[in-house]
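Novice: Input structure: model.pdb, which contains PDB, C-alpha atoms.
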ATOM      1  CA  MET A   1      29.117 244.292  38.201
ATOM      2  CA  GLU A   2      29.636 247.666  39.781
ATOM      3  CA  THR A   3      26.549 249.829  40.272
ATOM      4  CA  ILE A   4      26.991 253.374  39.072
ATOM      5  CA  ILE A   5      24.833 256.188  40.392
ATOM      6  CA  ARG A   6      25.361 259.768  39.298
ATOM      7  CA  GLU A   7      23.266 262.493  40.786
ATOM      8  CA  GLY A   8      21.661 265.008  38.467
ATOM      9  CA  THR A   9      23.082 268.481  37.946
ATOM     10  CA  PRO A  10      21.546 271.529  36.201
ATOM     11  CA  LYS A  11      22.908 270.184  32.928
ATOM     12  CA  THR A  12      23.209 266.446  33.353
ATOM     13  CA  PRO A  13      20.692 263.751  34.278
ATOM     14  CA  TYR A  14      20.500 261.380  37.199
ATOM     15  CA  VAL A  15      21.925 258.073  36.043
ATOM     16  CA  ARG A  16      21.624 254.661  37.641
ATOM     17  CA  LEU A  17      23.312 251.619  36.153
ATOM     18  CA  ASP A  18      22.564 248.555  38.222
ATOM     19  CA  GLY A  19      23.891 245.309  36.760
ATOM     20  CA  GLU A  20      22.592 243.031  39.486
ATOM     21  CA  ASN A  21      18.999 244.155  39.017
ATOM     22  CA  GLY A  22      19.296 244.753  35.280
ATOM     23  CA  LEU A  23      18.338 248.389  35.624
ATOM     24  CA  VAL A  24      19.384 251.328  33.473
ATOM     25  CA  GLU A  25      17.900 254.705  34.344
ATOM     26  CA  ILE A  26      18.386 258.199  32.971
ATOM     27  CA  LYS A  27      16.264 260.968  34.460
ATOM     28  CA  GLY A  28      16.195 264.730  34.332
ATOM     29  CA  ARG A  29      17.756 266.934  31.743
ATOM     30  CA  SER A  30      20.695 266.298  29.501
ATOM     31  CA  ILE A  31      22.213 269.456  28.083
ATOM     32  CA  PRO A  32      25.986 269.314  28.654
ATOM     33  CA  GLU A  33      28.266 271.133  26.207
ATOM     34  CA  ASN A  34      30.340 267.998  25.905
ATOM     35  CA  SER A  35      27.879 265.121  25.845
ATOM     36  CA  VAL A  36      30.385 262.585  24.558
ATOM     37  CA  GLU A  37      32.450 263.035  27.704
ATOM     38  CA  PHE A  38      29.408 262.689  29.949
ATOM     39  CA  TYR A  39      28.062 259.544  28.293
ATOM     40  CA  LYS A  40      31.390 257.734  27.825
ATOM     41  CA  PRO A  41      31.364 256.026  31.262
ATOM     42  CA  MET A  42      27.817 254.804  30.569
ATOM     43  CA  ILE A  43      28.801 253.367  27.220
ATOM     44  CA  ASP A  44      31.825 251.666  28.802
ATOM     45  CA  TRP A  45      29.674 250.230  31.584
ATOM     46  CA  LEU A  46      27.133 248.883  29.076
ATOM     47  CA  GLU A  47      29.882 247.241  27.096
ATOM     48  CA  LYS A  48      31.023 245.343  30.169
ATOM     49  CA  TYR A  49      27.458 244.611  31.209
ATOM     50  CA  GLY A  50      26.807 243.196  27.742
ATOM     51  CA  SER A  51      29.204 240.322  28.339
ATOM     52  CA  GLU A  52      27.232 239.219  31.386
ATOM     53  CA  PRO A  53      23.811 240.838  31.385
ATOM     54  CA  ALA A  54      20.917 240.122  33.744
ATOM     55  CA  THR A  55      18.216 237.875  32.245
ATOM     56  CA  ALA A  56      16.017 240.944  31.862
ATOM     57  CA  THR A  57      17.147 244.524  31.508
ATOM     58  CA  ASN A  58      14.749 247.348  32.241
ATOM     59  CA  VAL A  59      15.592 250.724  30.823
ATOM     60  CA  ASN A  60      13.785 253.760  32.169
ATOM     61  CA  ILE A  61      14.281 257.029  30.325
ATOM     62  CA  GLN A  62      12.506 259.975  31.873
ATOM     63  CA  LEU A  63      13.988 263.103  30.428
ATOM     64  CA  GLU A  64      12.733 266.607  30.881
ATOM     65  CA  TYR A  65      14.575 267.740  27.781
ATOM     66  CA  PHE A  66      17.908 267.212  26.063
ATOM     67  CA  ASN A  67      20.181 268.983  23.598
ATOM     68  CA  THR A  68      21.085 267.707  20.157
ATOM     69  CA  SER A  69      24.555 266.601  21.177
ATOM     70  CA  SER A  70      22.974 264.351  23.837
ATOM     71  CA  SER A  71      20.566 262.916  21.276
ATOM     72  CA  LYS A  72      23.379 261.056  19.542
ATOM     73  CA  CYS A  73      24.800 259.795  22.830
ATOM     74  CA  ILE A  74      21.408 258.511  23.922
ATOM     75  CA  LEU A  75      21.220 256.659  20.620
ATOM     76  CA  ASP A  76      24.633 255.135  21.371
ATOM     77  CA  VAL A  77      23.297 253.909  24.711
ATOM     78  CA  PHE A  78      20.348 252.302  22.920
ATOM     79  CA  LYS A  79      22.650 250.711  20.340
ATOM     80  CA  ARG A  80      24.594 249.001  23.118
ATOM     81  CA  LEU A  81      21.335 247.741  24.556
ATOM     82  CA  GLU A  82      20.250 246.560  21.128
ATOM     83  CA  LEU A  83      23.346 244.343  20.949
ATOM     84  CA  ILE A  84      22.411 242.791  24.294
ATOM     85  CA  HIS A  85      18.869 242.215  23.033
ATOM     86  CA  LYS A  86      20.132 240.668  19.800
ATOM     87  CA  LYS A  87      22.024 238.042  21.776
ATOM     88  CA  GLY A  88      18.686 236.788  23.063
ATOM     89  CA  ASN A  89      18.388 238.685  26.326
ATOM     90  CA  ASP A  90      15.229 240.501  27.384
ATOM     91  CA  VAL A  91      15.586 244.233  27.113
ATOM     92  CA  GLU A  92      12.767 246.730  27.351
ATOM     93  CA  ILE A  93      12.910 250.494  27.048
ATOM     94  CA  ASN A  94      10.344 252.576  28.904
ATOM     95  CA  TRP A  95      10.232 256.078  27.488
ATOM     96  CA  TYR A  96       8.415 258.483  29.813
ATOM     97  CA  TYR A  97       6.941 261.770  28.675
ATOM     98  CA  GLU A  98       4.614 264.303  30.231
ATOM     99  CA  GLU A  99       1.135 264.304  28.775
ATOM    100  CA  ASP A 100       1.341 267.533  26.792
ATOM    101  CA  ASP A 101       5.005 267.184  25.862
ATOM    102  CA  GLU A 102       4.835 266.522  22.136
ATOM    103  CA  ASP A 103       8.597 267.090  21.724
ATOM    104  CA  MET A 104       9.543 264.341  24.154
ATOM    105  CA  PHE A 105       6.910 262.071  22.650
ATOM    106  CA  GLU A 106       8.313 262.619  19.157
ATOM    107  CA  ALA A 107      11.850 262.085  20.396
ATOM    108  CA  GLY A 108      10.719 258.708  21.708
ATOM    109  CA  GLU A 109       9.213 257.929  18.337
ATOM    110  CA  ASP A 110      12.515 258.828  16.667
ATOM    111  CA  TYR A 111      14.416 256.286  18.729
ATOM    112  CA  GLN A 112      11.697 253.707  18.375
ATOM    113  CA  SER A 113      12.010 253.984  14.586
ATOM    114  CA  ILE A 114      15.780 253.523  14.655
ATOM    115  CA  ILE A 115      16.297 250.947  17.381
ATOM    116  CA  ASN A 116      15.101 247.384  17.370
ATOM    117  CA  ILE A 117      14.176 246.805  21.021
ATOM    118  CA  PRO A 118      10.718 246.557  22.644
ATOM    119  CA  PHE A 119       9.915 250.190  23.273
ATOM    120  CA  LYS A 120       7.117 251.368  25.522
ATOM    121  CA  MET A 121       5.898 254.959  25.483
ATOM    122  CA  ILE A 122       4.564 255.905  28.894
ATOM    123  CA  GLU A 123       2.554 259.050  29.377
ATOM    124  CA  MET A 124       2.813 260.734  32.762
ATOM    125  CA  GLU A 125       0.140 262.999  34.114
ATOM    126  CA  GLU A 126       1.263 266.461  35.076
TER     127      GLU A 126
ATOM    128  CA  MET B 127      24.986 302.742   5.654
ATOM    129  CA  SER B 128      27.203 301.003   8.147
ATOM    130  CA  PHE B 129      25.942 298.519  10.671
ATOM    131  CA  ASP B 130      24.619 300.015  13.897
ATOM    132  CA  LEU B 131      24.671 297.597  16.799
ATOM    133  CA  ASP B 132      22.571 299.866  19.014
ATOM    134  CA  SER B 133      19.651 300.001  16.636
ATOM    135  CA  TRP B 134      19.891 296.240  16.151
ATOM    136  CA  TYR B 135      19.664 295.909  19.918
ATOM    137  CA  SER B 136      16.637 298.124  20.337
ATOM    138  CA  GLU B 137      14.808 296.252  17.606
ATOM    139  CA  LYS B 138      15.415 292.899  19.269
ATOM    140  CA  LYS B 139      14.396 294.185  22.668
ATOM    141  CA  GLU B 140      10.865 294.984  21.622
ATOM    142  CA  GLY B 141       8.418 293.428  24.028
ATOM    143  CA  GLU B 142       9.277 292.327  27.526
ATOM    144  CA  VAL B 143      12.934 291.356  27.835
ATOM    145  CA  ILE B 144      13.397 288.240  29.947
ATOM    146  CA  LEU B 145      17.121 287.939  29.471
ATOM    147  CA  GLU B 146      19.793 289.736  27.567
ATOM    148  CA  TYR B 147      23.464 288.981  27.545
ATOM    149  CA  ASN B 148      26.430 290.036  25.542
ATOM    150  CA  GLY B 149      29.934 288.783  26.162
ATOM    151  CA  SER B 150      31.768 285.500  26.271
ATOM    152  CA  ILE B 151      29.552 282.486  25.805
ATOM    153  CA  THR B 152      30.927 279.930  28.278
ATOM    154  CA  PRO B 153      29.477 276.777  29.864
ATOM    155  CA  ALA B 154      29.136 278.660  33.173
ATOM    156  CA  LEU B 155      27.250 281.495  31.489
ATOM    157  CA  ILE B 156      24.888 279.030  29.841
ATOM    158  CA  THR B 157      24.070 277.452  33.229
ATOM    159  CA  GLU B 158      23.513 280.865  34.768
ATOM    160  CA  ALA B 159      21.354 282.124  31.900
ATOM    161  CA  LEU B 160      19.184 279.035  32.066
ATOM    162  CA  ASP B 161      18.801 279.542  35.796
ATOM    163  CA  THR B 162      17.680 283.121  35.180
ATOM    164  CA  ILE B 163      15.027 282.250  32.632
ATOM    165  CA  GLU B 164      13.773 279.368  34.776
ATOM    166  CA  SER B 165      12.950 281.811  37.541
ATOM    167  CA  ASN B 166      11.051 284.115  35.173
ATOM    168  CA  LEU B 167       7.436 284.299  36.230
ATOM    169  CA  ASN B 168       6.033 284.668  32.761
ATOM    170  CA  LEU B 169       7.644 281.417  31.763
ATOM    171  CA  LYS B 170       6.804 279.697  35.038
ATOM    172  CA  ASN B 171       3.146 280.353  34.335
ATOM    173  CA  GLU B 172       3.317 278.968  30.823
ATOM    174  CA  LYS B 173       2.003 275.585  29.853
ATOM    175  CA  ASN B 174       4.564 272.844  30.236
ATOM    176  CA  ARG B 175       4.983 272.356  26.531
ATOM    177  CA  VAL B 176       5.734 276.018  25.819
ATOM    178  CA  ARG B 177       8.005 276.405  28.817
ATOM    179  CA  LYS B 178      10.113 273.391  27.959
ATOM    180  CA  LYS B 179      10.294 274.424  24.319
ATOM    181  CA  VAL B 180      11.639 277.830  25.321
ATOM    182  CA  TYR B 181      14.268 276.304  27.662
ATOM    183  CA  ASN B 182      15.290 273.708  25.130
ATOM    184  CA  VAL B 183      15.553 276.052  22.154
ATOM    185  CA  PHE B 184      17.279 278.683  24.280
ATOM    186  CA  VAL B 185      19.972 276.207  25.307
ATOM    187  CA  GLU B 186      20.371 275.012  21.730
ATOM    188  CA  CYS B 187      20.841 278.610  20.515
ATOM    189  CA  LEU B 188      23.426 279.361  23.212
ATOM    190  CA  GLN B 189      25.333 276.154  22.599
ATOM    191  CA  ASN B 190      25.333 276.872  18.879
ATOM    192  CA  LEU B 191      27.035 280.159  19.697
ATOM    193  CA  TYR B 192      29.390 278.499  22.159
ATOM    194  CA  HIS B 193      30.584 275.975  19.611
ATOM    195  CA  HIS B 194      30.732 278.117  16.506
ATOM    196  CA  VAL B 195      31.380 281.833  17.025
ATOM    197  CA  ASP B 196      34.424 283.682  15.758
ATOM    198  CA  HIS B 197      36.433 286.229  17.706
ATOM    199  CA  PRO B 198      34.942 289.688  17.058
ATOM    200  CA  PRO B 199      36.774 292.065  14.726
ATOM    201  CA  ALA B 200      39.271 294.368  16.455
ATOM    202  CA  ASN B 201      37.334 297.527  15.637
ATOM    203  CA  ALA B 202      33.920 296.209  16.702
ATOM    204  CA  PRO B 203      32.166 298.241  19.435
ATOM    205  CA  VAL B 204      32.104 295.248  21.792
ATOM    206  CA  GLU B 205      34.308 293.610  24.366
ATOM    207  CA  GLN B 206      37.209 291.843  22.720
ATOM    208  CA  LYS B 207      36.610 288.415  24.077
ATOM    209  CA  ASP B 208      36.673 284.895  22.762
ATOM    210  CA  ASN B 209      33.321 283.304  22.061
ATOM    211  CA  TYR B 210      31.677 286.698  21.906
ATOM    212  CA  GLY B 211      27.981 286.557  21.262
ATOM    213  CA  ILE B 212      24.704 288.238  22.095
ATOM    214  CA  ILE B 213      21.478 286.565  23.146
ATOM    215  CA  ILE B 214      18.159 288.195  23.924
ATOM    216  CA  LEU B 215      15.024 286.388  25.026
ATOM    217  CA  SER B 216      11.884 288.452  25.025
ATOM    218  CA  LYS B 217       8.177 287.971  25.112
ATOM    219  CA  ASP B 218       6.602 289.967  22.327
ATOM    220  CA  GLY B 219       2.830 289.649  22.265
ATOM    221  CA  THR B 220       1.929 285.996  21.937
ATOM    222  CA  PHE B 221       5.462 284.993  20.920
ATOM    223  CA  TYR B 222       8.694 284.321  22.683
ATOM    224  CA  ARG B 223      11.561 285.536  20.571
ATOM    225  CA  ILE B 224      15.150 284.408  20.921
ATOM    226  CA  SER B 225      17.585 286.607  19.040
ATOM    227  CA  THR B 226      21.251 285.892  18.725
ATOM    228  CA  GLY B 227      23.927 288.061  17.198
ATOM    229  CA  ASN B 228      27.571 287.425  16.519
ATOM    230  CA  PHE B 229      30.352 288.334  14.156
ATOM    231  CA  ILE B 230      31.427 285.874  11.511
ATOM    232  CA  LYS B 231      34.127 285.907   8.901
ATOM    233  CA  LYS B 232      32.725 286.758   5.505
ATOM    234  CA  GLU B 233      33.624 283.404   3.991
ATOM    235  CA  LYS B 234      31.231 281.600   6.357
ATOM    236  CA  LEU B 235      28.208 283.521   5.143
ATOM    237  CA  ASN B 236      27.209 281.313   2.236
ATOM    238  CA  HIS B 237      27.520 278.145   4.248
ATOM    239  CA  ILE B 238      25.246 279.433   7.022
ATOM    240  CA  LYS B 239      22.774 280.999   4.619
ATOM    241  CA  ASP B 240      22.476 277.860   2.492
ATOM    242  CA  ARG B 241      21.987 275.718   5.561
ATOM    243  CA  ILE B 242      19.176 277.870   6.966
ATOM    244  CA  ASP B 243      17.518 278.294   3.563
ATOM    245  CA  GLN B 244      17.557 274.552   3.139
ATOM    246  CA  VAL B 245      15.993 273.876   6.541
ATOM    247  CA  ASN B 246      13.448 276.669   6.057
ATOM    248  CA  SER B 247      12.350 275.159   2.745
ATOM    249  CA  LEU B 248      11.382 271.799   4.272
ATOM    250  CA  THR B 249       7.937 270.674   5.364
ATOM    251  CA  ASP B 250       7.413 269.342   8.902
ATOM    252  CA  GLU B 251       7.481 265.795   7.614
ATOM    253  CA  GLU B 252      10.685 266.368   5.622
ATOM    254  CA  ILE B 253      12.309 267.847   8.714
ATOM    255  CA  ARG B 254      11.396 264.807  10.738
ATOM    256  CA  VAL B 255      12.769 262.424   8.130
ATOM    257  CA  LEU B 256      16.003 264.395   7.759
ATOM    258  CA  TYR B 257      16.418 264.626  11.536
ATOM    259  CA  ARG B 258      16.127 260.866  11.933
ATOM    260  CA  ASP B 259      18.442 260.320   9.016
ATOM    261  CA  ILE B 260      21.198 262.504  10.481
ATOM    262  CA  LEU B 261      20.665 261.082  13.963
ATOM    263  CA  SER B 262      21.032 257.502  12.838
ATOM    264  CA  ASN B 263      23.646 257.824  10.129
ATOM    265  CA  GLU B 264      26.074 260.635  10.688
ATOM    266  CA  ASP B 265      29.081 260.836  12.893
ATOM    267  CA  PHE B 266      29.047 263.753  15.237
ATOM    268  CA  SER B 267      32.054 265.842  16.087
ATOM    269  CA  ASP B 268      33.016 266.386  19.714
ATOM    270  CA  LYS B 269      31.274 269.699  19.336
ATOM    271  CA  GLY B 270      28.100 267.691  19.055
ATOM    272  CA  GLY B 271      25.577 268.880  16.555
ATOM    273  CA  GLY B 272      26.226 267.040  13.373
ATOM    274  CA  GLY B 273      24.064 269.766  11.923
ATOM    275  CA  LEU B 274      21.115 268.791  14.073
ATOM    276  CA  GLY B 275      21.000 272.037  16.049
ATOM    277  CA  ILE B 276      19.305 274.251  13.474
ATOM    278  CA  LEU B 277      17.053 271.414  12.380
ATOM    279  CA  ASP B 278      15.995 270.743  15.949
ATOM    280  CA  ILE B 279      15.157 274.408  16.528
ATOM    281  CA  VAL B 280      12.916 274.576  13.461
ATOM    282  CA  ARG B 281      11.312 271.257  14.322
ATOM    283  CA  LYS B 282      10.510 272.268  17.890
ATOM    284  CA  THR B 283       9.280 275.772  17.120
ATOM    285  CA  GLY B 284       7.471 274.904  13.896
ATOM    286  CA  ASN B 285       8.513 278.343  12.664
ATOM    287  CA  LYS B 286      10.955 279.402   9.986
ATOM    288  CA  LEU B 287      14.225 280.959  11.094
ATOM    289  CA  GLU B 288      14.741 284.623  10.325
ATOM    290  CA  TYR B 289      18.282 285.671   9.608
ATOM    291  CA  TYR B 290      20.007 288.884   8.630
ATOM    292  CA  PHE B 291      23.562 289.458   7.578
ATOM    293  CA  TYR B 292      24.937 292.957   8.047
ATOM    294  CA  GLN B 293      28.201 293.939   6.466
ATOM    295  CA  PHE B 294      30.503 295.164   9.251
ATOM    296  CA  ASP B 295      33.706 295.708   7.291
ATOM    297  CA  ASN B 296      35.516 294.015   4.438
ATOM    298  CA  GLU B 297      36.293 290.989   6.495
ATOM    299  CA  TYR B 298      33.383 290.551   8.890
ATOM    300  CA  ILE B 299      29.638 290.146   8.840
ATOM    301  CA  PHE B 300      27.281 290.567  11.772
ATOM    302  CA  TYR B 301      25.009 287.548  11.762
ATOM    303  CA  SER B 302      21.605 287.955  13.378
ATOM    304  CA  LEU B 303      19.190 285.091  13.943
ATOM    305  CA  ASP B 304      15.623 285.229  15.274
ATOM    306  CA  VAL B 305      13.704 282.236  16.518
ATOM    307  CA  TYR B 306      10.027 282.497  17.387
ATOM    308  CA  ILE B 307       8.222 280.191  19.791
ATOM    309  CA  SER B 308       4.476 280.327  20.218
TER     310      SER B 308
END
Let me see the file written as structure tokens.

Specialist:
Amino acid sequence: METIIREGTPKTPYVRLDGENGLVEIKGRSIPENSVEFYKPMIDWLEKYGSEPATATNVNIQLEYFNTSSSKCILDVFKRLELIHKKGNDVEINWYYEEDDEDMFEAGEDYQSIINIPFKMIEMEE
Amino acid sequence: MSFDLDSWYSEKKEGEVILEYNGSITPALITEALDTIESNLNLKNEKNRVRKKVYNVFVECLQNLYHHVDHPPANAPVEQKDNYGIIILSKDGTFYRISTGNFIKKEKLNHIKDRIDQVNSLTDEEIRVLYRDILSNEDFSDKGGGGLGILDIVRKTGNKLEYYFYQFDNEYIFYSLDVYIS
């Protein structure tokens, strides 16, 4: 499985998709005008990965902030991961937020309420 | 009395203006504007939670304009450009205020007004429930949103949106929106 790394830009996050190590990471900010276009390669990668996933998949989401069009795409990423989890594979989402960032905390809670995957909220000190 | 853009401007610029822009709202402009407000000292010295809220809501407001504005009317006292909009971010006392202004065709007025009135009428808990509902159930267009933009702004700021519609001519309305962050 090909490893994909995309460096962050002022509007898009750093992304690492590492099939061998079962690692999915999104970090930074996600505010592109066309989020669907940005997230499509990730969704495609996850679809392929789903047919032959690692025994455990660790998902680290550490976003500074994101726009509403990204929110749906992030949910799509989680839905792909949910399918992998449903097939009996270990998947865990680690949702990082800064200690006083109530918005990012609540966003994590939103996804946690929608998606059926072990979901850990991790507070980071400033 | 006819609509006076200059007096609208001076009203919105009360306080300390951090950024003002009028012209085409493009992806490049949005990047540049964000860069400008990120280097603003007032904001840099804010608590994390306020600073991020301002950035986030500011981007949401600009992208709302980017995706939805109409071409201005031919006789409007502004540059005749596609995606024409105005955005002003200022610090007024204890608040940050983001004001946007743009021309819309008259027939869009009721739709926008109803939407904002609806969101403004909800409690925090109702907003959260509706947000989750739209996020999990509705298809989004390529333009994004799915109607989440306005909802997200009210949720993050915890303040009601203030809007004004000024008749410009028989065909167009000037739509003004104020968002307060504290």

Novice: Which residues of chain A are close to chain B, meaning at most 7 Å apart when you count all atoms listed in the file, and how do they look as a ChimeraX atom specification?

Specialist: /A:33-34,36,65,67-69,72,100-101,103,110,114

Novice: Store the residues picked out above in a file with C-alpha atoms, as a PDB file, in the coordinates of the input.

Specialist:
ATOM      1  CA  GLU A  33      28.266 271.133  26.207  1.00  0.00           C
ATOM      2  CA  ASN A  34      30.340 267.998  25.905  1.00  0.00           C
ATOM      3  CA  VAL A  36      30.385 262.585  24.558  1.00  0.00           C
ATOM      4  CA  TYR A  65      14.575 267.740  27.781  1.00  0.00           C
ATOM      5  CA  ASN A  67      20.181 268.983  23.598  1.00  0.00           C
ATOM      6  CA  THR A  68      21.085 267.707  20.157  1.00  0.00           C
ATOM      7  CA  SER A  69      24.555 266.601  21.177  1.00  0.00           C
ATOM      8  CA  LYS A  72      23.379 261.056  19.542  1.00  0.00           C
ATOM      9  CA  ASP A 100       1.341 267.533  26.792  1.00  0.00           C
ATOM     10  CA  ASP A 101       5.005 267.184  25.862  1.00  0.00           C
ATOM     11  CA  ASP A 103       8.597 267.090  21.724  1.00  0.00           C
ATOM     12  CA  ASP A 110      12.515 258.828  16.667  1.00  0.00           C
ATOM     13  CA  ILE A 114      15.780 253.523  14.655  1.00  0.00           C
TER      14      ILE A 114
END

Novice: At what distance in Å, to one decimal, does atom CA of Thr249 of chain B lie from atom CA of Asp218 of chain B?

Specialist: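 Atom-to-atom, atom CA of Asp218 of chain B to atom CA of Thr249 of chain B, that is 25.7 Å.
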
Novice: Selected by the PyMOL selection byres ((chain A and resi 122) around 8) in the shown coordinates: which residues, as JSON, numbers by chain?

Specialist: {"A": [94, 95, 96, 97, 120, 121, 123, 124]}

Novice: Please enumerate the residues selected by the PyMOL selection byres ((chain B and resi 286) around 6) when evaluated against the supplied file, formatted as a list in words.

Specialist: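 Residues picked by the PyMOL selection byres ((chain B and resi 286) around 6): Asn246, Asn285 and Leu287 of chain B.
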
Novice: Residue by residue, what does the PyMOL selection byres ((chain A and resi 89) around 12) grab here? Present the result as a CSV table (one decimal) with C-alpha atoms, in the coordinates of the input.

Specialist:
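Contents of the output file part-v3.csv:
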chain,number,residue,atom,x,y,z
A,22,GLY,CA,19.3,244.8,35.3
A,49,TYR,CA,27.5,244.6,31.2
A,50,GLY,CA,26.8,243.2,27.7
A,51,SER,CA,29.2,240.3,28.3
A,52,GLU,CA,27.2,239.2,31.4
A,53,PRO,CA,23.8,240.8,31.4
A,54,ALA,CA,20.9,240.1,33.7
A,55,THR,CA,18.2,237.9,32.2
A,56,ALA,CA,16.0,240.9,31.9
A,57,THR,CA,17.1,244.5,31.5
A,58,ASN,CA,14.7,247.3,32.2
A,81,LEU,CA,21.3,247.7,24.6
A,82,GLU,CA,20.2,246.6,21.1
A,83,LEU,CA,23.3,244.3,20.9
A,84,ILE,CA,22.4,242.8,24.3
A,85,HIS,CA,18.9,242.2,23.0
A,86,LYS,CA,20.1,240.7,19.8
A,87,LYS,CA,22.0,238.0,21.8
A,88,GLY,CA,18.7,236.8,23.1
A,90,ASP,CA,15.2,240.5,27.4
A,91,VAL,CA,15.6,244.2,27.1
A,92,GLU,CA,12.8,246.7,27.4
A,117,ILE,CA,14.2,246.8,21.0
A,118,PRO,CA,10.7,246.6,22.6

Novice: Restricting the calculation to only C-alpha atoms: of A:Pro13, A:Gly19, A:Pro41, A:Gly8, which residue gets closest to Phe66 of chain A?

Specialist: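 Answer, going by the shortest atom-to-atom distance: A:Pro13.
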
Novice: Pull the neighbourhood of (13.0, 257.8, 31.0) for me: all residues within 7 Å in file coordinates, counting all atoms listed in the file, as a PyMOL selection string.

Specialist: chain A and resi 25-27+60-63+94-96

Novice: In Å, how far is it from atom CA of Ile299 of chain B to atom CA of Ala159 of chain B?

Specialist: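 That distance, rounded to one decimal, is 25.8 Å.
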
Novice: Could you give me, as a count of residues only, the residues within 9 Å of Gln206 of chain B, counting all atoms listed in the file and dropping anything in the same chain fewer than 5 positions from it?

Specialist: 5

Novice: Smallest atom-to-atom distance to Gln244 of chain B: which of B:Ile307, B:Gly211, B:Ser165, B:Val280, using all atoms listed in the file?

Specialist: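 Among B:Ile307, B:Gly211, B:Ser165, B:Val280, it is B:Val280 that comes nearest to Gln244 of chain B.
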
Novice: How many Å separate atom CA of Glu251 of chain B from atom CA of Glu109 of chain A?

Specialist: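 Atom CA of Glu251 of chain B sits 13.4 Å away from atom CA of Glu109 of chain A.
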
Novice: Restricting the calculation to all atoms listed in the file, which member of B:Val204, B:Asn171, B:Ile213, B:Tyr301 is positioned closest to Asn228 of chain B?

Specialist: B:Tyr301

Novice: Given only C-alpha atoms, how would the per-residue table for segment 201-285 of chain B near segment 134-139 of chain B read, listing every residue at most 10 Å away with its closest atom pair and distance in Å to one decimal, sorted by chain and number, as a Markdown table?

Specialist:
| residue | atom | partner | partner_atom | distance |
| --- | --- | --- | --- | --- |
| B:Ile212 | CA | B:Tyr135 | CA | 9.4 |
| B:Ile213 | CA | B:Lys138 | CA | 9.6 |
| B:Ile214 | CA | B:Lys138 | CA | 7.2 |
| B:Leu215 | CA | B:Lys139 | CA | 8.2 |
| B:Ser216 | CA | B:Lys139 | CA | 6.7 |
| B:Lys217 | CA | B:Lys139 | CA | 9.1 |
| B:Asp218 | CA | B:Lys139 | CA | 8.9 |
| B:Arg223 | CA | B:Lys138 | CA | 8.4 |
| B:Ile224 | CA | B:Lys138 | CA | 8.7 |
| B:Ser225 | CA | B:Lys138 | CA | 6.7 |
| B:Thr226 | CA | B:Lys138 | CA | 9.1 |
| B:Gly227 | CA | B:Trp134 | CA | 9.2 |

Novice: I'd like the box whose edges run along x, y and z of the file and which contains every listed atom of segment 122-126 of chain A, padded by 5 Å per side; could you state its centre and edge lengths in Å, one decimal, as AutoDock Vina command-line options?

Specialist:
--center_x 2.4 --center_y 261.2 --center_z 32.0 --size_x 14.4 --size_y 20.6 --size_z 16.2

Novice: So, counting all atoms listed in the file, which residue among A:Thr3, A:Thr12, A:Ser35, A:Ser71 is closest to Lys48 of chain A?

Specialist: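 Looking only at the distances to Lys48 of chain A, the closest residue turns out to be A:Thr3.
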